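J.: Sharing query_9.pdb, PDB, C-alpha atoms and all ligand atoms:
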ATOM      1  CA  MET C 719     -30.757 -22.207 -88.966
ATOM      2  CA  SER C 720     -29.614 -19.389 -91.234
ATOM      3  CA  GLU C 721     -26.233 -20.860 -92.140
ATOM      4  CA  ALA C 722     -25.915 -24.125 -94.000
ATOM      5  CA  SER C 723     -22.561 -24.840 -92.367
ATOM      6  CA  LEU C 724     -23.670 -27.313 -89.724
ATOM      7  CA  GLY C 725     -21.510 -30.228 -88.708
ATOM      8  CA  THR C 726     -21.424 -32.702 -85.858
ATOM      9  CA  HIS C 727     -18.663 -34.630 -84.204
ATOM     10  CA  LYS C 728     -18.301 -36.888 -81.197
ATOM     11  CA  ALA C 729     -15.940 -35.536 -78.544
ATOM     12  CA  GLY C 730     -15.406 -38.015 -75.723
ATOM     13  CA  THR C 731     -18.754 -38.983 -74.357
ATOM     14  CA  HIS C 732     -20.766 -35.934 -75.367
ATOM     15  CA  LYS C 733     -22.024 -34.787 -78.719
ATOM     16  CA  GLU C 734     -21.253 -31.342 -80.147
ATOM     17  CA  GLU C 735     -22.772 -29.378 -82.985
ATOM     18  CA  ALA C 736     -21.075 -26.405 -84.582
ATOM     19  CA  VAL C 737     -22.240 -23.402 -86.605
ATOM     20  CA  TYR C 738     -20.033 -20.847 -88.353
ATOM     21  CA  VAL C 739     -21.108 -17.478 -86.924
ATOM     22  CA  TYR C 740     -18.442 -14.743 -86.943
ATOM     23  CA  GLU C 741     -16.653 -14.222 -90.247
ATOM     24  CA  ALA C 742     -12.957 -13.286 -90.184
ATOM     25  CA  PRO C 743     -13.512  -9.541 -90.852
ATOM     26  CA  VAL C 744     -15.943  -9.321 -87.900
ATOM     27  CA  ARG C 745     -13.458 -11.113 -85.611
ATOM     28  CA  LEU C 746     -10.546  -8.924 -86.694
ATOM     29  CA  TRP C 747     -12.692  -5.822 -86.281
ATOM     30  CA  HIS C 748     -13.853  -6.931 -82.822
ATOM     31  CA  TRP C 749     -10.339  -7.231 -81.393
ATOM     32  CA  ALA C 750      -8.934  -4.132 -83.155
ATOM     33  CA  ASN C 751     -11.963  -2.166 -81.928
ATOM     34  CA  ALA C 752     -11.582  -3.477 -78.356
ATOM     35  CA  ALA C 753      -7.868  -2.464 -78.360
ATOM     36  CA  ALA C 754      -8.665   1.000 -79.777
ATOM     37  CA  ILE C 755     -11.336   1.541 -77.111
ATOM     38  CA  LEU C 756      -8.931   0.538 -74.340
ATOM     39  CA  VAL C 757      -6.370   3.102 -75.596
ATOM     40  CA  LEU C 758      -9.103   5.753 -76.045
ATOM     41  CA  CYS C 759     -10.419   5.293 -72.496
ATOM     42  CA  VAL C 760      -6.975   5.463 -70.845
ATOM     43  CA  THR C 761      -5.750   8.453 -72.885
ATOM     44  CA  GLY C 762      -9.168  10.167 -72.782
ATOM     45  CA  TYR C 763      -9.240   9.845 -68.997
ATOM     46  CA  LEU C 764      -5.750  11.434 -68.863
ATOM     47  CA  ILE C 765      -6.850  14.277 -71.158
ATOM     48  CA  GLY C 766      -9.759  14.995 -68.786
ATOM     49  CA  SER C 767      -7.700  14.504 -65.571
ATOM     50  CA  PRO C 768      -4.146  15.409 -66.603
ATOM     51  CA  PRO C 769      -1.152  14.146 -64.587
ATOM     52  CA  PRO C 770       0.891  16.868 -62.826
ATOM     53  CA  SER C 771       3.294  18.810 -65.074
ATOM     54  CA  ILE C 772       6.772  17.347 -65.226
ATOM     55  CA  HIS C 773      10.167  19.089 -65.354
ATOM     56  CA  GLY C 774      12.044  19.611 -68.565
ATOM     57  CA  GLU C 775      11.486  20.951 -72.014
ATOM     58  CA  PRO C 776       8.012  19.846 -73.291
ATOM     59  CA  SER C 777       9.330  19.381 -76.827
ATOM     60  CA  ALA C 778      11.816  16.818 -75.426
ATOM     61  CA  HIS C 779       9.493  14.665 -73.315
ATOM     62  CA  PHE C 780       6.323  15.507 -75.281
ATOM     63  CA  LEU C 781       4.259  13.770 -72.562
ATOM     64  CA  PHE C 782       0.850  15.322 -73.211
ATOM     65  CA  GLY C 783       1.630  15.355 -76.914
ATOM     66  CA  TRP C 784       1.961  11.544 -76.831
ATOM     67  CA  ILE C 785      -1.237  11.154 -74.818
ATOM     68  CA  ARG C 786      -3.189  13.203 -77.389
ATOM     69  CA  PHE C 787      -1.378  11.580 -80.337
ATOM     70  CA  LEU C 788      -2.340   8.113 -79.066
ATOM     71  CA  HIS C 789      -5.934   9.268 -78.493
ATOM     72  CA  PHE C 790      -6.270  10.654 -82.011
ATOM     73  CA  SER C 791      -4.564   7.625 -83.646
ATOM     74  CA  ALA C 792      -6.798   5.158 -81.781
ATOM     75  CA  GLY C 793      -9.747   7.445 -82.621
ATOM     76  CA  GLN C 794      -8.956   7.165 -86.317
ATOM     77  CA  ILE C 795      -8.722   3.367 -86.055
ATOM     78  CA  LEU C 796     -12.109   3.373 -84.281
ATOM     79  CA  VAL C 797     -13.710   5.541 -87.001
ATOM     80  CA  VAL C 798     -12.360   3.522 -89.940
ATOM     81  CA  GLY C 799     -13.272   0.254 -88.171
ATOM     82  CA  PHE C 800     -16.818   1.456 -87.460
ATOM     83  CA  VAL C 801     -17.420   2.551 -91.061
ATOM     84  CA  PHE C 802     -16.063  -0.793 -92.283
ATOM     85  CA  ARG C 803     -18.153  -2.769 -89.769
ATOM     86  CA  PHE C 804     -21.310  -0.906 -90.866
ATOM     87  CA  TYR C 805     -20.517  -1.743 -94.506
ATOM     88  CA  TRP C 806     -19.969  -5.386 -93.505
ATOM     89  CA  SER C 807     -23.436  -5.483 -91.954
ATOM     90  CA  PHE C 808     -24.774  -5.301 -95.548
ATOM     91  CA  VAL C 809     -22.379  -7.694 -97.291
ATOM     92  CA  GLY C 810     -21.592 -10.146 -94.450
ATOM     93  CA  ASN C 811     -23.661 -13.094 -93.224
ATOM     94  CA  ASP C 812     -26.957 -12.797 -91.289
ATOM     95  CA  HIS C 813     -25.176 -12.473 -87.948
ATOM     96  CA  ALA C 814     -23.175  -9.476 -89.162
ATOM     97  CA  ARG C 815     -26.451  -7.536 -89.357
ATOM     98  CA  GLU C 816     -27.680  -8.297 -85.824
ATOM     99  CA  ILE C 817     -26.185  -5.408 -83.822
ATOM    100  CA  PHE C 818     -26.950  -2.739 -86.463
ATOM    101  CA  ARG C 819     -30.513  -3.635 -87.375
ATOM    102  CA  PRO C 820     -32.134  -5.588 -84.521
ATOM    103  CA  PRO C 821     -35.557  -7.109 -85.291
ATOM    104  CA  VAL C 822     -37.405  -4.866 -82.808
ATOM    105  CA  TRP C 823     -40.706  -5.332 -84.662
ATOM    106  CA  ARG C 824     -40.808  -9.048 -83.771
ATOM    107  CA  LYS C 825     -42.628 -10.176 -80.637
ATOM    108  CA  SER C 826     -40.308 -13.196 -80.380
ATOM    109  CA  PHE C 827     -37.332 -10.829 -80.107
ATOM    110  CA  TRP C 828     -38.804  -9.087 -77.028
ATOM    111  CA  LEU C 829     -39.853 -12.410 -75.478
ATOM    112  CA  GLY C 830     -36.216 -13.464 -75.958
ATOM    113  CA  VAL C 831     -35.023 -10.274 -74.219
ATOM    114  CA  ILE C 832     -37.295 -11.042 -71.244
ATOM    115  CA  HIS C 833     -36.092 -14.640 -71.156
ATOM    116  CA  GLU C 834     -32.436 -13.493 -71.073
ATOM    117  CA  ILE C 835     -33.095 -10.988 -68.259
ATOM    118  CA  ARG C 836     -34.719 -13.804 -66.263
ATOM    119  CA  TRP C 837     -31.811 -16.123 -67.121
ATOM    120  CA  TYR C 838     -29.234 -13.586 -65.894
ATOM    121  CA  ALA C 839     -31.318 -13.078 -62.736
ATOM    122  CA  MET C 840     -31.155 -16.882 -62.254
ATOM    123  CA  LEU C 841     -34.944 -17.204 -62.579
ATOM    124  CA  GLU C 842     -34.698 -19.624 -65.548
ATOM    125  CA  ARG C 843     -33.272 -23.109 -65.285
ATOM    126  CA  GLU C 844     -32.511 -23.722 -68.965
ATOM    127  CA  PRO C 845     -30.435 -21.400 -71.184
ATOM    128  CA  LYS C 846     -31.655 -20.723 -74.724
ATOM    129  CA  LYS C 847     -28.972 -21.391 -77.299
ATOM    130  CA  TYR C 848     -28.670 -18.933 -80.161
ATOM    131  CA  SER C 849     -26.325 -19.339 -83.098
ATOM    132  CA  GLY C 850     -25.693 -15.541 -83.111
ATOM    133  CA  HIS C 851     -25.987 -13.155 -80.171
ATOM    134  CA  ASN C 852     -28.809 -13.565 -77.685
ATOM    135  CA  PRO C 853     -31.577 -10.887 -77.959
ATOM    136  CA  LEU C 854     -30.483  -9.041 -74.791
ATOM    137  CA  ALA C 855     -26.910  -8.880 -76.141
ATOM    138  CA  ILE C 856     -28.232  -7.541 -79.457
ATOM    139  CA  LEU C 857     -30.302  -4.885 -77.695
ATOM    140  CA  SER C 858     -27.484  -3.675 -75.441
ATOM    141  CA  MET C 859     -24.920  -3.787 -78.251
ATOM    142  CA  HIS C 860     -27.243  -1.765 -80.477
ATOM    143  CA  VAL C 861     -28.240   0.879 -77.922
ATOM    144  CA  LEU C 862     -25.063   1.235 -75.861
ATOM    145  CA  PHE C 863     -22.328   0.215 -78.291
ATOM    146  CA  VAL C 864     -23.530   1.252 -81.785
ATOM    147  CA  TRP C 865     -25.194   4.531 -80.774
ATOM    148  CA  GLY C 866     -22.649   5.162 -78.004
ATOM    149  CA  THR C 867     -19.719   4.762 -80.402
ATOM    150  CA  LEU C 868     -21.399   6.918 -83.039
ATOM    151  CA  PHE C 869     -21.833   9.633 -80.413
ATOM    152  CA  MET C 870     -18.142   9.390 -79.431
ATOM    153  CA  ILE C 871     -17.115   9.599 -83.093
ATOM    154  CA  VAL C 872     -19.244  12.650 -83.898
ATOM    155  CA  THR C 873     -18.303  14.576 -80.727
ATOM    156  CA  GLY C 874     -14.630  13.454 -80.954
ATOM    157  CA  LEU C 875     -14.301  14.595 -84.557
ATOM    158  CA  ALA C 876     -15.995  17.896 -83.675
ATOM    159  CA  LEU C 877     -13.371  18.524 -80.954
ATOM    160  CA  TYR C 878     -10.592  17.379 -83.281
ATOM    161  CA  GLY C 879     -11.735  19.713 -86.060
ATOM    162  CA  GLU C 880     -11.840  22.568 -83.571
ATOM    163  CA  GLY C 881      -8.151  22.079 -82.739
ATOM    164  CA  GLN C 882      -7.182  21.495 -86.341
ATOM    165  CA  GLY C 883      -8.911  24.588 -87.710
ATOM    166  CA  PRO C 884     -10.542  25.052 -91.134
ATOM    167  CA  GLY C 885     -10.761  21.885 -93.248
ATOM    168  CA  TRP C 886     -13.222  19.116 -94.076
ATOM    169  CA  ILE C 887     -13.441  17.735 -90.509
ATOM    170  CA  HIS C 888     -14.281  21.214 -89.265
ATOM    171  CA  ARG C 889     -16.884  21.659 -92.021
ATOM    172  CA  LEU C 890     -18.476  18.226 -91.531
ATOM    173  CA  PHE C 891     -18.501  18.040 -87.724
ATOM    174  CA  THR C 892     -17.272  21.080 -85.749
ATOM    175  CA  SER C 893     -19.395  23.596 -87.641
ATOM    176  CA  TRP C 894     -22.718  22.155 -86.383
ATOM    177  CA  VAL C 895     -21.887  19.984 -83.339
ATOM    178  CA  ILE C 896     -20.398  22.768 -81.194
ATOM    179  CA  PRO C 897     -23.301  25.205 -81.865
ATOM    180  CA  LEU C 898     -25.732  22.337 -81.175
ATOM    181  CA  PHE C 899     -24.272  21.805 -77.681
ATOM    182  CA  GLY C 900     -23.786  25.571 -77.164
ATOM    183  CA  GLN C 901     -20.026  25.682 -76.611
ATOM    184  CA  SER C 902     -16.858  23.567 -76.844
ATOM    185  CA  GLN C 903     -16.658  22.826 -73.098
ATOM    186  CA  THR C 904     -20.130  21.247 -73.158
ATOM    187  CA  VAL C 905     -19.022  18.945 -76.000
ATOM    188  CA  HIS C 906     -15.984  17.978 -73.858
ATOM    189  CA  THR C 907     -18.280  17.177 -70.933
ATOM    190  CA  TRP C 908     -20.660  14.999 -73.004
ATOM    191  CA  HIS C 909     -17.751  13.269 -74.811
ATOM    192  CA  HIS C 910     -16.303  12.563 -71.358
ATOM    193  CA  MET C 911     -19.557  11.333 -69.759
ATOM    194  CA  ALA C 912     -20.349   9.039 -72.676
ATOM    195  CA  MET C 913     -16.966   7.365 -72.102
ATOM    196  CA  TRP C 914     -18.420   5.951 -68.884
ATOM    197  CA  VAL C 915     -21.358   4.467 -70.825
ATOM    198  CA  ILE C 916     -18.829   2.623 -73.027
ATOM    199  CA  VAL C 917     -16.755   1.569 -69.979
ATOM    200  CA  ILE C 918     -19.840   0.182 -68.204
ATOM    201  CA  PHE C 919     -20.897  -1.615 -71.411
ATOM    202  CA  ALA C 920     -17.407  -3.196 -71.721
ATOM    203  CA  ILE C 921     -17.350  -4.367 -68.074
ATOM    204  CA  VAL C 922     -20.831  -5.941 -68.261
ATOM    205  CA  HIS C 923     -20.035  -7.344 -71.734
ATOM    206  CA  ILE C 924     -16.869  -9.123 -70.584
ATOM    207  CA  TYR C 925     -18.630 -10.403 -67.452
ATOM    208  CA  ALA C 926     -21.527 -11.750 -69.573
ATOM    209  CA  ALA C 927     -19.156 -13.366 -72.105
ATOM    210  CA  VAL C 928     -17.247 -15.215 -69.361
ATOM    211  CA  ARG C 929     -20.459 -16.142 -67.495
ATOM    212  CA  GLU C 930     -22.195 -17.497 -70.588
ATOM    213  CA  ASP C 931     -19.099 -19.412 -71.613
ATOM    214  CA  ILE C 932     -19.402 -21.313 -68.330
ATOM    215  CA  MET C 933     -23.194 -21.428 -67.856
ATOM    216  CA  SER C 934     -24.870 -21.631 -71.265
ATOM    217  CA  ARG C 935     -23.418 -24.913 -72.596
ATOM    218  CA  GLN C 936     -22.124 -23.338 -75.816
ATOM    219  CA  SER C 937     -18.837 -21.759 -76.811
ATOM    220  CA  ILE C 938     -18.779 -17.961 -76.450
ATOM    221  CA  ILE C 939     -15.285 -16.460 -76.122
ATOM    222  CA  SER C 940     -13.497 -18.926 -78.394
ATOM    223  CA  SER C 941     -16.178 -18.195 -81.053
ATOM    224  CA  MET C 942     -14.805 -14.641 -81.323
ATOM    225  CA  PHE C 943     -11.405 -16.207 -82.176
ATOM    226  CA  SER C 944     -12.379 -19.169 -84.360
ATOM    227  CA  GLY C 945     -15.705 -17.960 -85.777
ATOM    228  CA  TRP C 946     -17.402 -21.250 -84.821
ATOM    229  CA  ARG C 947     -20.017 -21.696 -82.114
ATOM    230  CA  THR C 948     -20.098 -25.205 -80.673
ATOM    231  CA  PHE C 949     -23.123 -26.448 -78.748
ATOM    232  CA  ARG C 950     -22.897 -29.098 -76.064
ATOM    233  CA  ASP C 951     -25.866 -31.494 -75.838
ATOM    234  CA  GLY C 952     -27.637 -30.407 -79.036
ATOM    235  CA  GLY C 953     -27.660 -27.420 -81.372
ATOM    236  CA  PRO C 954     -29.290 -23.981 -81.164
ATOM    237  CA  THR C 955     -32.730 -23.995 -79.524
ATOM    238  CA  ASP C 956     -33.854 -20.632 -80.742
ATOM    239  CA  GLU C 957     -33.688 -18.109 -83.535
ATOM    240  CA  HIS C 958     -34.957 -14.538 -83.508
TER     241      HIS C 958
HETATM  242  C1  LIG K1001     -14.785   5.225 -77.341
HETATM  243  C2  LIG K1001     -14.222   6.251 -77.907
HETATM  244  C3  LIG K1001     -13.651   7.459 -77.162
HETATM  245  C4  LIG K1001     -13.477   7.683 -75.819
HETATM  246  C5  LIG K1001     -13.817   6.750 -74.666
HETATM  247  C6  LIG K1001     -12.933   9.023 -75.676
HETATM  248  C7  LIG K1001     -12.669   9.644 -74.458
HETATM  249  C8  LIG K1001     -12.254  10.977 -74.310
HETATM  250  C9  LIG K1001     -12.187  11.704 -73.080
HETATM  251  C10 LIG K1001     -12.573  11.140 -71.708
HETATM  252  C11 LIG K1001     -11.740  12.949 -73.346
HETATM  253  C12 LIG K1001     -11.498  14.090 -72.333
HETATM  254  C13 LIG K1001     -12.685  15.045 -72.369
HETATM  255  C14 LIG K1001     -12.529  16.139 -71.360
HETATM  256  O1  LIG K1001     -12.748  15.883 -70.165
HETATM  257  O2  LIG K1001     -12.165  17.254 -71.756
HETATM  258  C15 LIG K1001     -11.504  13.047 -74.767
HETATM  259  C16 LIG K1001     -11.053  14.166 -75.434
HETATM  260  C17 LIG K1001     -10.919  14.235 -76.811
HETATM  261  N1  LIG K1001     -11.217  13.238 -77.717
HETATM  262 FE1  LIG K1001     -11.967  11.431 -77.312
HETATM  263  N2  LIG K1001     -12.766   9.567 -76.923
HETATM  264  C18 LIG K1001     -13.197   8.650 -77.851
HETATM  265  C19 LIG K1001     -13.225   8.797 -79.221
HETATM  266  C20 LIG K1001     -12.674   9.874 -79.890
HETATM  267  C21 LIG K1001     -12.603  10.000 -81.319
HETATM  268  C22 LIG K1001     -13.139   8.972 -82.328
HETATM  269  C23 LIG K1001     -11.997  11.188 -81.589
HETATM  270  C24 LIG K1001     -11.703  11.765 -82.944
HETATM  271  C25 LIG K1001     -10.639  11.443 -83.606
HETATM  272  C26 LIG K1001     -11.705  11.815 -80.316
HETATM  273  C27 LIG K1001     -11.109  13.059 -80.168
HETATM  274  C28 LIG K1001     -10.950  13.722 -78.990
HETATM  275  C29 LIG K1001     -10.466  15.092 -78.875
HETATM  276  C30 LIG K1001     -10.058  16.015 -80.032
HETATM  277  C31 LIG K1001     -10.442  15.424 -77.514
HETATM  278  C32 LIG K1001     -10.001  16.745 -76.881
HETATM  279  C33 LIG K1001      -8.525  16.731 -76.696
HETATM  280  C34 LIG K1001      -8.001  17.935 -75.939
HETATM  281  O3  LIG K1001      -8.771  18.858 -75.636
HETATM  282  O4  LIG K1001      -6.793  17.951 -75.643
HETATM  283  N3  LIG K1001     -12.118  10.991 -79.300
HETATM  284  N4  LIG K1001     -11.850  11.817 -75.340
HETATM  285  C1  LIG K1002     -11.353  -8.963 -73.075
HETATM  286  C2  LIG K1002     -12.241  -8.255 -73.727
HETATM  287  C3  LIG K1002     -13.402  -8.789 -74.529
HETATM  288  C4  LIG K1002     -13.885 -10.069 -74.660
HETATM  289  C5  LIG K1002     -13.393 -11.340 -73.987
HETATM  290  C6  LIG K1002     -14.997 -10.010 -75.573
HETATM  291  C7  LIG K1002     -15.737 -11.080 -75.989
HETATM  292  C8  LIG K1002     -16.744 -11.043 -76.928
HETATM  293  C9  LIG K1002     -17.470 -12.175 -77.388
HETATM  294  C10 LIG K1002     -17.264 -13.588 -76.883
HETATM  295  C11 LIG K1002     -18.385 -11.755 -78.295
HETATM  296  C12 LIG K1002     -19.416 -12.627 -79.004
HETATM  297  C13 LIG K1002     -20.580 -12.694 -78.063
HETATM  298  C14 LIG K1002     -21.669 -13.583 -78.593
HETATM  299  O1  LIG K1002     -21.356 -14.552 -79.254
HETATM  300  O2  LIG K1002     -22.861 -13.265 -78.367
HETATM  301  C15 LIG K1002     -18.237 -10.349 -78.447
HETATM  302  C16 LIG K1002     -18.963  -9.540 -79.302
HETATM  303  C17 LIG K1002     -18.900  -8.156 -79.318
HETATM  304  N1  LIG K1002     -18.074  -7.378 -78.510
HETATM  305 FE1  LIG K1002     -16.632  -8.028 -77.259
HETATM  306  N2  LIG K1002     -15.194  -8.708 -75.968
HETATM  307  C18 LIG K1002     -14.242  -7.931 -75.342
HETATM  308  C19 LIG K1002     -14.100  -6.580 -75.430
HETATM  309  C20 LIG K1002     -14.979  -5.740 -76.077
HETATM  310  C21 LIG K1002     -14.954  -4.294 -76.009
HETATM  311  C22 LIG K1002     -13.955  -3.437 -75.204
HETATM  312  C23 LIG K1002     -15.978  -3.858 -76.781
HETATM  313  C24 LIG K1002     -16.415  -2.450 -77.034
HETATM  314  C25 LIG K1002     -16.640  -1.602 -76.050
HETATM  315  C26 LIG K1002     -16.644  -5.008 -77.354
HETATM  316  C27 LIG K1002     -17.723  -4.953 -78.202
HETATM  317  C28 LIG K1002     -18.331  -6.049 -78.777
HETATM  318  C29 LIG K1002     -19.345  -5.975 -79.808
HETATM  319  C30 LIG K1002     -19.939  -4.692 -80.393
HETATM  320  C31 LIG K1002     -19.676  -7.280 -80.154
HETATM  321  C32 LIG K1002     -20.668  -7.706 -81.235
HETATM  322  C33 LIG K1002     -19.858  -8.174 -82.407
HETATM  323  C34 LIG K1002     -20.634  -8.199 -83.706
HETATM  324  O3  LIG K1002     -21.721  -8.793 -83.795
HETATM  325  O4  LIG K1002     -20.132  -7.596 -84.657
HETATM  326  N3  LIG K1002     -16.013  -6.138 -76.906
HETATM  327  N4  LIG K1002     -17.227  -9.925 -77.579
END
Can the structure from this file be put into structure tokens for me?
Ligand code: HEM
Ligand code: HEM

T.:
Amino acid sequence: MSEASLGTHKAGTHKEEAVYVYEAPVRLWHWANAAAILVLCVTGYLIGSPPPSIHGEPSAHFLFGWIRFLHFSAGQILVVGFVFRFYWSFVGNDHAREIFRPPVWRKSFWLGVIHEIRWYAMLEREPKKYSGHNPLAILSMHVLFVWGTLFMIVTGLALYGEGQGPGWIHRLFTSWVIPLFGQSQTVHTWHHMAMWVIVIFAIVHIYAAVREDIMSRQSIISSMFSGWRTFRDGGPTDEH
């Protein structure tokens, strides 16, 4: 066990063990990030498939202005949160590192991934209990979430800098991203398509969190609120 903070208590007839996993900054980031992504997906979808024009003076109702304003504000929250979360992966506890630098060089990590796939396919009878994320969660969070979000940030800032005109965002992002893709419309298309990668990740992620909360005999969702993982019938069975 990487953390020394292990305690036990008797609850009713069964025994529970608890480990402190998610530090407060990670929990705060998780929920702020989830809210920002929800706003980004709804407003981004509306930017790509705009509602019909409405009557009246645009400066009075400012409908599309609000949609874009919300998208850019949530985008800025996402960017600042991501930079902070990356920094925290260096200064936080061991679990804070998991989704940024997965131990892909370890055989036990890949055996854990295979075990989790079999567990989700209902081919395993016993769940493995990890104090942090399970290896399959780490792999999908690293590939789909970390790289997916980085892609959204780079392409989003490139489009933003294009609208804003000369300035540091234009210099840092627009100046090379748009030539790399060929033209602005292609960046729009990729920024749009990658949204669906994030949406699919979020749907599977929420399904897996609810499923594991019920099936894996350890706390999952409440851990992202309290920071503590409690294990029914004995502590973690595996580390990676
Ligand atoms: C998970 C994160 C994000 C999602 C899901 C998302 C989604 C979308 C979608 C679907 C579009 C419409 C593309 C099209 O069909 O033309 C869009 C446009 C745009 N997004 Fe994002 N986005 C995200 C992050 C960001 C970030 C971080 C920024 C930068 C601040 C950003 C800036 C923009 C800009 C400038 C546009 C074009 C607006 C326009 O042409 O009116 N996005 N986004
Ligand atoms: C109702 C919505 C959500 C719920 C209930 C939820 C629940 C959870 C839970 C329980 C964990 C910890 C899993 C574990 O212990 O292995 C977690 C981690 C995580 N979730 Fe969510 N989540 C939600 C929305 C989202 C969204 C929308 C995203 C982004 C698309 C997201 C991205 C992540 C990431 C990246 C982690 C890893 C945290 C870290 O190690 O820093 N979550 N989530």

J.: Quick one: 5 Å padding each side, axis-aligned, all listed atoms of stretch 764-779 of chain C - centre and edge lengths in Å to one decimal, as JSON?

T.:
{"center_x": 1.1, "center_y": 16.2, "center_z": -69.8, "size_x": 31.8, "size_y": 19.5, "size_z": 24.0}

J.: Once you count only C-alpha atoms and all ligand atoms, which residues end up within 7 Å of ligand LIG 1001 (chain K), and could you hand them over as a list of chain:residue names?

T.: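 After applying the 7 Å limit, what remains is C:Ile755, C:Leu758, C:Cys759, C:Gly762, C:Tyr763, C:Ile765, C:Gly766, C:Ser767, C:Arg786, C:His789, C:Phe790, C:Gly793, C:Gln794, C:Leu796, C:Val797, C:Thr867, C:Met870, C:Ile871, C:Gly874, C:Leu875, C:Leu877, C:Tyr878, C:Gly881, C:His906, C:Thr907, C:His909, C:His910, C:Met913, C:Ile916.
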
J.: Can you pull out every residue with an atom within 9 Å of ligand LIG 1002 (chain K)? Use all atoms listed in the file and format it as a PyMOL selection string.

T.: chain C and resi 739-740+744-745+747-749+751-756+803+807+813-818+848-852+855-856+859-860+862-864+867+916-921+923-928+930-931+937-943+947

J.: If you count all atoms listed in the file, which residues fall within 12 Å of stretch 827-834 of chain C, apart from same-chain ones fewer than 5 positions away, as a PyMOL selection string?

T.: chain C and resi 816+820-822+839-848+851-858+926+930+934+955-958

J.: Between atom CA of C:Gly799 and atom CA of C:Leu781, what is the distance, to one decimal in Å?

T.: 27.1 Å

J.: Could you please determine the separation between atom CA of C:Phe800 and atom CA of C:Phe782 in Å, to one decimal place?

T.: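 Result for atom CA of C:Phe800 versus atom CA of C:Phe782: 26.6 Å, one decimal.
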
J.: Please provide as an MDAnalysis selection string all residues within 7 Å of C:Thr892, with the sequence filter that same-chain residues fewer than 2 positions apart are discarded (counting all atoms listed in the file).

T.: chainID C and resid 876:877 879:880 887:890 894:896

J.: Write the residues of the selection above to a file with C-alpha atoms, as an mmCIF file, keeping the file's coordinate frame.

T.:
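Output file result-v4.cif is given in full below:
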data_model
loop_
_atom_site.group_PDB
_atom_site.id
_atom_site.type_symbol
_atom_site.label_atom_id
_atom_site.label_comp_id
_atom_site.auth_asym_id
_atom_site.auth_seq_id
_atom_site.Cartn_x
_atom_site.Cartn_y
_atom_site.Cartn_z
ATOM 1 C CA ALA C 876 -15.995 17.896 -83.675
ATOM 2 C CA LEU C 877 -13.371 18.524 -80.954
ATOM 3 C CA GLY C 879 -11.735 19.713 -86.060
ATOM 4 C CA GLU C 880 -11.840 22.568 -83.571
ATOM 5 C CA ILE C 887 -13.441 17.735 -90.509
ATOM 6 C CA HIS C 888 -14.281 21.214 -89.265
ATOM 7 C CA ARG C 889 -16.884 21.659 -92.021
ATOM 8 C CA LEU C 890 -18.476 18.226 -91.531
ATOM 9 C CA TRP C 894 -22.718 22.155 -86.383
ATOM 10 C CA VAL C 895 -21.887 19.984 -83.339
ATOM 11 C CA ILE C 896 -20.398 22.768 -81.194
#

J.: Name the residues in contact with C:Leu898 at a cut-off of 12 Å, using all atoms listed in the file, excluding same-chain residues fewer than 5 positions from it; report them as JSON, numbers by chain.

T.: {"C": [872, 873, 876, 891, 892, 893, 904, 905]}

J.: Please, could you write that set of residues out with C-alpha atoms as an mmCIF file, keeping the file's coordinate frame?

T.:
data_model
loop_
_atom_site.group_PDB
_atom_site.id
_atom_site.type_symbol
_atom_site.label_atom_id
_atom_site.label_comp_id
_atom_site.auth_asym_id
_atom_site.auth_seq_id
_atom_site.Cartn_x
_atom_site.Cartn_y
_atom_site.Cartn_z
ATOM 1 C CA VAL C 872 -19.244 12.650 -83.898
ATOM 2 C CA THR C 873 -18.303 14.576 -80.727
ATOM 3 C CA ALA C 876 -15.995 17.896 -83.675
ATOM 4 C CA PHE C 891 -18.501 18.040 -87.724
ATOM 5 C CA THR C 892 -17.272 21.080 -85.749
ATOM 6 C CA SER C 893 -19.395 23.596 -87.641
ATOM 7 C CA THR C 904 -20.130 21.247 -73.158
ATOM 8 C CA VAL C 905 -19.022 18.945 -76.000
#

J.: As an exercise, work out the distance from atom CA of C:Gln936 to atom CA of C:Arg950 in Å and give it to one decimal place.

T.: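 Atom-to-atom, atom CA of C:Gln936 and atom CA of C:Arg950 are spaced 5.8 Å apart.
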
J.: Which residue, C:Ile835, C:Pro769, C:Tyr738, C:Val798, has the smallest gap to C:Ala750 when you use all atoms listed in the file?

T.: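 Among C:Ile835, C:Pro769, C:Tyr738, C:Val798, it is C:Val798 that comes nearest to C:Ala750.
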
J.: For the structure just given, write the atoms of stretch 895-900 of chain C, namely N, CA and C atoms, as an mmCIF file, in the first residue's frame.

T.:
data_model
loop_
_atom_site.group_PDB
_atom_site.id
_atom_site.type_symbol
_atom_site.label_atom_id
_atom_site.label_comp_id
_atom_site.auth_asym_id
_atom_site.auth_seq_id
_atom_site.Cartn_x
_atom_site.Cartn_y
_atom_site.Cartn_z
ATOM 1 N N VAL C 895 -1.223 25.362 -35.973
ATOM 2 C CA VAL C 895 -2.235 24.288 -35.993
ATOM 3 C C VAL C 895 -3.043 24.345 -37.296
ATOM 4 N N ILE C 896 -3.450 25.551 -37.713
ATOM 5 C CA ILE C 896 -4.277 25.633 -38.924
ATOM 6 C C ILE C 896 -3.482 25.203 -40.171
ATOM 7 N N PRO C 897 -2.226 25.659 -40.349
ATOM 8 C CA PRO C 897 -1.444 25.124 -41.480
ATOM 9 C C PRO C 897 -1.246 23.607 -41.393
ATOM 10 N N LEU C 898 -1.091 23.085 -40.175
ATOM 11 C CA LEU C 898 -0.888 21.638 -40.014
ATOM 12 C C LEU C 898 -2.081 20.846 -40.560
ATOM 13 N N PHE C 899 -3.299 21.331 -40.263
ATOM 14 C CA PHE C 899 -4.507 20.642 -40.744
ATOM 15 C C PHE C 899 -4.844 21.051 -42.189
ATOM 16 N N GLY C 900 -4.258 22.143 -42.680
ATOM 17 C CA GLY C 900 -4.518 22.586 -44.046
ATOM 18 C C GLY C 900 -5.366 23.835 -44.103
#
